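Read through the structure below, which is laid out as structure tokens, and then see the notes.
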Amino acid sequence: MKFKHLYSFAATVLLCYGTGLGLYALNNNTKKPENTGTKYLKKTISVQTDTVWVTDQMVYSDDIIALGVFLPNSGKIIIKHFETNSTNPRTVRFCNNNNAQATLVLRHEKEHARKANITKNLWYYSPKTRGMIAAQSEIIAPAAEIIEALDYRYEMKLPIPSNRKFIKKADRLIITEAKKQNLQWPLDFNNQQIADIIIQCATEQFLNEINRGLYKTSIYNAIQTQKPGIYVTNNLCNEYNKFLFNPRLNLWAPLWQFESRAGSVNLWNAASQEQKNKMLNTIDSLVCAIAGKNQLILSNQKTH
């Protein structure tokens, strides 16, 4: 895989949560897990920018680098900033193109942080449900990027500087739909046609990453038997949404709750049933394919 193609957010695959970057701030909010007498402090999410010095060799190699990562156990989001001493146009272009994505990278990783309380504690779900949650977690993040890009267009009166094809496609389709319906700005994404576009483009982006070999490991790991555990929530999580989340009953809406310049958005509630079924059928097939020879475990149920 060539380095030039890696404009992705493969943090869950590429970086280990157990790194030495575990500096975090704590506030005074407490959470008491069920069946224990232990109190855990809620993490306050912090954002750190790390500079990566890029050489010509790195650009022409097969090395993989993530633009950003959310570290749930340390409560930290890390964004990469690229610098170079090279005058090679390809290397300079690589740095400039990736640095231009910083706004989208941050929104992508923040969305992972906001949903961590319903995507990290998976042990009590069946293996197949765990795989479905892990897959959707990597679809909601690019969906959030699309919302961010359209809000940027509203505020700046220009399209967001992005070389990402799915952002450009979603922007084009949504602008066309907004004109067709004579919608007001900032856009209310609680619109069936627009919600369908966002889910479709985000799913396509996810599948493109899967085809590059990304996310397969994280989904496979989610499918495997997991030990009971407690994920300590963070200050960006919506605790109320946690109680409305029930994949067993096909209640996925809390995963699809976002914020925009026009207010709260729930793409799941807004989208057509046809589009939702299409996405669910796609990831259902994908989870079975990733499980491979272990497909039999997908029907095994875990309960509280």
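Identifiers in this document derive from the order of the structure tokens: chains are assigned A, B, ..., residues are numbered from 1 separately in each chain, and ligands are numbered from 1 in order of occurrence.
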
Non-local contacts of segment 218-226 of chain A (6 Å; only C-alpha atoms; under 6 positions in same chain excluded) as number ranges by chain:
A: 13, 123, 127, 130-131, 134

Based on the selection just made, write all heavy atoms of those residues as a compact mmCIF listing (two decimals), in the first residue's frame.
```txt
# COMPACT_ATOMS: atom_id res chain seq x y z
N VAL A 13 -6.89 0.81 14.27
CA VAL A 13 -6.13 -0.31 13.74
C VAL A 13 -4.65 -0.10 13.94
O VAL A 13 -3.91 -1.03 14.25
CB VAL A 13 -6.43 -0.50 12.24
CG1 VAL A 13 -5.60 -1.64 11.67
CG2 VAL A 13 -7.90 -0.76 12.03
N TRP A 123 -18.96 -6.14 25.98
CA TRP A 123 -18.86 -7.54 26.38
C TRP A 123 -20.21 -8.22 26.56
O TRP A 123 -20.35 -9.43 26.39
CB TRP A 123 -18.03 -7.66 27.66
CG TRP A 123 -18.62 -6.94 28.84
CD1 TRP A 123 -18.39 -5.65 29.20
CD2 TRP A 123 -19.53 -7.47 29.81
NE1 TRP A 123 -19.10 -5.32 30.33
CE2 TRP A 123 -19.80 -6.42 30.72
CE3 TRP A 123 -20.13 -8.71 29.99
CZ2 TRP A 123 -20.66 -6.59 31.82
CZ3 TRP A 123 -20.99 -8.88 31.08
CH2 TRP A 123 -21.24 -7.83 31.97
N PRO A 127 -21.55 -11.67 19.83
CA PRO A 127 -20.40 -11.36 18.97
C PRO A 127 -20.79 -10.58 17.72
O PRO A 127 -20.10 -9.64 17.32
CB PRO A 127 -19.85 -12.74 18.62
CG PRO A 127 -20.21 -13.59 19.79
CD PRO A 127 -21.56 -13.10 20.23
N ARG A 130 -21.52 -7.00 18.55
CA ARG A 130 -20.28 -6.28 18.82
C ARG A 130 -19.62 -5.86 17.52
O ARG A 130 -19.11 -4.74 17.38
CB ARG A 130 -19.32 -7.14 19.66
CG ARG A 130 -19.82 -7.44 21.06
CD ARG A 130 -18.69 -7.90 21.95
NE ARG A 130 -18.07 -9.14 21.52
CZ ARG A 130 -18.39 -10.35 21.98
NH1 ARG A 130 -19.37 -10.46 22.86
NH2 ARG A 130 -17.77 -11.42 21.56
N GLY A 131 -19.62 -6.76 16.54
CA GLY A 131 -19.05 -6.42 15.24
C GLY A 131 -19.83 -5.33 14.55
O GLY A 131 -19.24 -4.44 13.92
N ALA A 134 -18.93 -2.01 16.20
CA ALA A 134 -17.59 -1.58 15.82
C ALA A 134 -17.58 -1.02 14.40
O ALA A 134 -16.91 -0.02 14.12
CB ALA A 134 -16.61 -2.75 15.93
```

Could you give me, as CSV, a per-residue list for segment 113-132 of chain A showing, wherever an atom lies at most 10 Å from an atom of segment 238-251 of chain A, the closest pair of atoms and their distance in Å to one decimal, using only C-alpha atoms and sorting by chain then residue number from low to high?
```
residue,atom,partner,partner_atom,distance
A:Arg114,CA,A:Asn238,CA,7.0
A:Lys115,CA,A:Asn238,CA,7.7
A:Ala116,CA,A:Asn238,CA,9.6
A:Asn117,CA,A:Lys242,CA,7.0
A:Ile118,CA,A:Lys242,CA,6.0
A:Thr119,CA,A:Lys242,CA,9.8
A:Tyr125,CA,A:Arg248,CA,8.3
A:Ser126,CA,A:Arg248,CA,9.0
A:Thr129,CA,A:Pro247,CA,7.0
A:Arg130,CA,A:Pro247,CA,9.4
A:Met132,CA,A:Pro247,CA,8.8
```

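Closest approach to Ala149 of chain A among A:Ser260, A:Ala178, A:Ile199, A:Lys216 is made by A:Ser260 (distances from only C-alpha atoms).
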
Any chance you could list, as a VMD selection string, the residues in segment 148-185 of chain A that come up helix (DSSP H, G or I) when DSSP is run on the backbone?
chain A and resid 148 to 156 165 to 181

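The space between atom CA of Trp268 of chain A and atom CA of Gln181 of chain A spans 20.6 Å.
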
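Using only C-alpha atoms, the residues found no farther than 12 Å from Arg93 of chain A, other than those of its own chain fewer than 5 positions away, are Lys4, Val54, Asp56, Val59, Phe82, Glu83, Thr84, Ser86, Thr87, Asn88, Asn98, Asn99, Ala100 and Asn163 of chain A.
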
Selection to disk with C-alpha atoms, as an mmCIF file, in the first residue's frame:
```cif
data_model
loop_
_atom_site.group_PDB
_atom_site.id
_atom_site.type_symbol
_atom_site.label_atom_id
_atom_site.label_comp_id
_atom_site.auth_asym_id
_atom_site.auth_seq_id
_atom_site.Cartn_x
_atom_site.Cartn_y
_atom_site.Cartn_z
ATOM 1 C CA LYS A 4 0.292 8.602 -0.798
ATOM 2 C CA VAL A 54 8.183 13.969 6.719
ATOM 3 C CA ASP A 56 10.929 11.938 0.768
ATOM 4 C CA VAL A 59 6.332 9.568 1.135
ATOM 5 C CA PHE A 82 3.166 17.428 9.102
ATOM 6 C CA GLU A 83 6.360 19.371 8.443
ATOM 7 C CA THR A 84 9.204 18.791 6.009
ATOM 8 C CA SER A 86 12.290 18.694 1.628
ATOM 9 C CA THR A 87 11.750 20.780 -1.493
ATOM 10 C CA ASN A 88 10.322 17.783 -3.352
ATOM 11 C CA ASN A 98 -2.878 16.456 5.195
ATOM 12 C CA ASN A 99 -2.584 19.614 7.302
ATOM 13 C CA ALA A 100 -5.616 21.036 5.499
ATOM 14 C CA ASN A 163 -8.915 16.402 -0.972
#
```

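One distance worth recording is that between atom CA of Leu255 of chain A and atom CA of Pro72 of chain A, which is 16.6 Å.
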
Give me every strand (DSSP E or B) residue in segment 16-264 of chain A, going by DSSP on the backbone, as a PyMOL selection string.
chain A and resi 25-31+40-44+46-53+68-71+76-83+234+246+251+257-260+263-264

Would you output that residue set with C-alpha atoms, as a short mmCIF file (atom, residue, chain, number, x, y, z; two decimals), in the first residue's frame?
```cif
data_model
loop_
_atom_site.label_atom_id
_atom_site.label_comp_id
_atom_site.auth_asym_id
_atom_site.auth_seq_id
_atom_site.Cartn_x
_atom_site.Cartn_y
_atom_site.Cartn_z
CA ALA A 25 -7.17 15.62 33.16
CA LEU A 26 -9.92 14.57 35.53
CA ASN A 27 -12.91 16.50 36.78
CA ASN A 28 -15.11 15.89 39.76
CA ASN A 29 -17.91 13.99 38.00
CA THR A 30 -18.12 10.42 39.25
CA LYS A 31 -19.62 7.25 37.86
CA TYR A 40 -14.36 6.11 38.76
CA LEU A 41 -13.64 9.70 37.78
CA LYS A 42 -14.94 10.83 34.42
CA LYS A 43 -12.15 11.75 32.03
CA THR A 44 -11.96 15.23 30.52
CA SER A 46 -7.85 16.89 25.91
CA VAL A 47 -6.46 17.57 22.43
CA GLN A 48 -2.77 17.37 21.58
CA THR A 49 -1.01 18.20 18.32
CA ASP A 50 2.04 16.12 17.47
CA THR A 51 4.45 17.25 14.74
CA VAL A 52 5.64 14.64 12.26
CA TRP A 53 8.68 15.48 10.16
CA GLY A 68 -5.47 11.49 14.22
CA VAL A 69 -6.33 9.11 17.03
CA PHE A 70 -8.64 8.97 20.02
CA LEU A 71 -7.11 7.19 23.02
CA LYS A 76 -6.78 12.16 24.78
CA ILE A 77 -7.19 13.08 21.12
CA ILE A 78 -3.95 13.41 19.16
CA ILE A 79 -3.85 15.29 15.85
CA LYS A 80 -0.83 15.02 13.58
CA HIS A 81 0.75 18.09 11.96
CA PHE A 82 3.17 17.43 9.10
CA GLU A 83 6.36 19.37 8.44
CA ASN A 234 -15.65 11.08 29.36
CA ASN A 246 -30.42 -1.09 22.28
CA LEU A 251 -32.46 0.91 18.30
CA GLN A 257 -26.83 11.79 17.28
CA PHE A 258 -24.72 14.79 16.24
CA GLU A 259 -24.44 18.53 16.78
CA SER A 260 -24.46 21.08 13.98
CA GLY A 263 -28.77 22.38 16.38
CA SER A 264 -29.12 18.70 17.23
#
```

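Atom CA of Ala262 of chain A is positioned 5.6 Å from atom CA of Pro186 of chain A.
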
Non-local contacts of segment 273-285 of chain A (12 Å; only C-alpha atoms; under 2 positions in same chain excluded) as number ranges by chain:
A: 127-140, 192-204, 206-207, 210, 216, 219, 247, 250-253, 256, 267-271, 287-292, 295, 298

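Each of A:Val265, A:Ser272, A:Asn208, A:Thr91 was checked against Ala144 of chain A using only C-alpha atoms; the smallest atom-to-atom distance is that of A:Val265.
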
Near-Leu187 of chain A list (8 Å; only C-alpha atoms; drop same-chain fewer than 2 positions) as a PyMOL selection string:
chain A and resi 150-151+183-185+189+261-262

Keeping N, CA and C atoms for every residue in the selection just given, could you write it to a file as a short mmCIF file (atom, residue, chain, number, x, y, z; two decimals), in the first residue's frame?
```cif
data_model
loop_
_atom_site.label_atom_id
_atom_site.label_comp_id
_atom_site.auth_asym_id
_atom_site.auth_seq_id
_atom_site.Cartn_x
_atom_site.Cartn_y
_atom_site.Cartn_z
N LEU A 150 -20.14 20.84 5.74
CA LEU A 150 -21.25 21.68 5.29
C LEU A 150 -21.46 22.88 6.22
N ASP A 151 -21.20 22.70 7.51
CA ASP A 151 -21.26 23.84 8.43
C ASP A 151 -20.14 24.84 8.12
N LEU A 183 -33.77 25.02 0.74
CA LEU A 183 -33.53 24.96 2.18
C LEU A 183 -32.75 26.18 2.66
N GLN A 184 -32.98 26.53 3.91
CA GLN A 184 -32.29 27.66 4.53
C GLN A 184 -30.98 27.20 5.17
N TRP A 185 -30.04 28.15 5.30
CA TRP A 185 -28.76 27.87 5.95
C TRP A 185 -28.70 28.57 7.30
N PHE A 189 -29.87 19.16 9.14
CA PHE A 189 -29.57 17.84 8.58
C PHE A 189 -30.64 16.81 8.92
N ARG A 261 -24.43 23.43 13.35
CA ARG A 261 -24.68 24.86 13.57
C ARG A 261 -26.18 25.15 13.71
N ALA A 262 -27.00 24.27 13.13
CA ALA A 262 -28.45 24.47 13.21
C ALA A 262 -29.07 23.79 14.43
#
```
